[in-house]
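Only one structure is covered here, and it is reproduced in the block below.
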Amino acid sequence: MRQMAAPSRRPPRPGPADKGRKAGSAERPVPIARPRSYAAIDLGTNNCRLLIARPQNGELVVIDAFSRIVRLGEGLHGTGRISDAAMDRTVAALAICADKLRRRHVSLSRAVATEACRRASNGEELADRVRRETGIVLDIISAAEEAKLAVLGCHNLMEPGDGPALIFDIGGGSTELMHVEVAEHDVKIHDWISVPWGVVSLTEHAPLPEDSLAGRQAAYAHMRQVTRDAFAAFAARAERFAGEPLRLLGTSGTVTTLASVFLDLPRYDRRAVDGLVVPADAMRDISRRLADASIADRAEIACIGRERADLVVAGCAILESIIDLWPAARVGVADRGIREGILRTLAMQGRDIPVTRREYRK
């Protein structure tokens with residue numbers, strides 16, 4: 001066996017890298033520049049979603065994401081309060097988000113809460129608990145800011161053209177409609193409306209009278225009437241565009257779910273759905289078929305499942321009412337919105353302003 005040589009007491013000879021170094025000086029570690037990263041949390045009436053992104057070549061590249069259905073607004077329509085169980089589910093989800101923020105060394109972040117916290121009498125109580133238990137500061141934003149962030153996050157998927165353009169966001173507790181003008185790298189909102197009907201609030205407002213085809217059709221007709229009435233003022237203003245080639249883009253779980261059904265996907269695939277354009281008549285047909293189906297049958301559809309089976313019909317009713325007032329031939333689908341809008345504003349604050357490239361695809 002070879003033996004190691006005994007250590008010499010003579011100092012080692014200086015190598016090429018040591019030339020010019022002062023005797024007795026210690027080598028200083030070179031700090032590693034970690035790329036700046038940003039995070040956006042969107043706490044909605046039904047979902048808690050997180051995105052973490054990093055600037056790269058003039059764009060924001062997602063490096064981590066998280067989504068969990070928390071049903072924050074469950075029972076809110078009847079009680080006016082967020083339940084203890086909903087709070088527990090939400091805090092647990094946000095604790096996971098907080099851990100991801102720490103592990104990803106996030107430089108700037110923002111967490112927003114929308115309609116459920118706006119409407120609930122104990123929305124601030126939830127925000128206080130979240131801050132104490134997770135360290136996340138929840139910003140309960142107005143409907144106007146919610147609309148702006150949604151538009152900022154998805155407008156680059158708008159179908160090209162000169163016709164009037166509408167972006168809509170069907171949430172859990174509210175729905176926003178925004179008449180926009182999309183420029184090459186920016187967007188301007190000309191008119192907008194927010195109504196307190198989303199997939200959770202509308203489902204609770206119009207419960208199924210009986211589990212039969214007639215009962216399901218009656219409940220769907222009631223949902224359609226409620227949303228038509230809510231959109232009436234905006235619909236009247238939209239009449240001036242009659243006969244023009246309208247453009248329509250939706251950002252929400254409703255449109256992405258219906259797009260998945262349209263594609264007959266075995267499981268949800270964001271790459272296939274984000275930026276897709278679906279004929280409006282196909283969206284109507286899918287909506288009515290889902291409304292006629294039982295909850296059990298809807299749950300068997302791969303991209304709906306048990307978690308969305310009871311809520312998707314309300315989204316269909318809202319979507320049909322939007323197509324009624326804005327009868328575009330096609331519906332654009334965006335799997336992006338508030339979180340991406342937050343990330344873009346954070347990147348602007350951090351002076352990492354991403355180029356907003358057109359991403360519409362045929």
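Ligands are numbered from 1 in the order shown, chains are lettered A, B, ... in the order of the structure tokens, and residues start at 1 in each chain.
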Problem set entry | Polymer residues at most 8 Å from segment 280-288 of chain A, only C-alpha atoms, same-chain spacing of 6 or more positions, as a ChimeraX atom specification | /A:258-259,261-262,313,316-317,320,323,328-331
For this session: Please run DSSP on the backbone and report, as a PyMOL selection string, all residues within segment 101-220 of chain A that come out as alpha helix (DSSP H).
Result: chain A and resi 101-103+115-119+123-134+143-154+199-205+213-220
Problem set entry | Pick from A:Cys48, A:Ala143, A:Leu213, A:Val112 nearest to Ile96 of chain A, counting only C-alpha atoms |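 With only C-alpha atoms as the atom set, the closest residue is A:Cys48.
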For this session: Find the residues near Val180 of chain A: any atom within 8 Å, counting only C-alpha atoms, skip ones fewer than 3 places away on the same chain, and give them as a ChimeraX atom specification.
Result: /A:164-167,187-191
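Closest approach to His155 of chain A among A:Asp64, A:Asp269, A:Asp335, A:Asp99: A:Asp335, based on only C-alpha atoms.
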Problem set entry | Residues flagged strand (DSSP E) by DSSP in segment 173-271 of chain A, as a list in words |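 Checking each residue of segment 173-271 of chain A, the strand (DSSP E) ones are Thr175, Glu176, Leu177, Met178, His179, Val180, Glu181, Val182, Val187, Lys188, Ile189, His190, Asp191, Trp192, Ile193, Ser194, Val195, Arg247, Leu248, Leu249, Gly250 and Thr251 of chain A.
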Exercise. How far is it from atom CA of Met223 of chain A to atom CA of Ala314 of chain A, in Å with one decimal?
Worked result: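 Atom CA of Ala314 of chain A lies at a distance of 6.7 Å from atom CA of Met223 of chain A.
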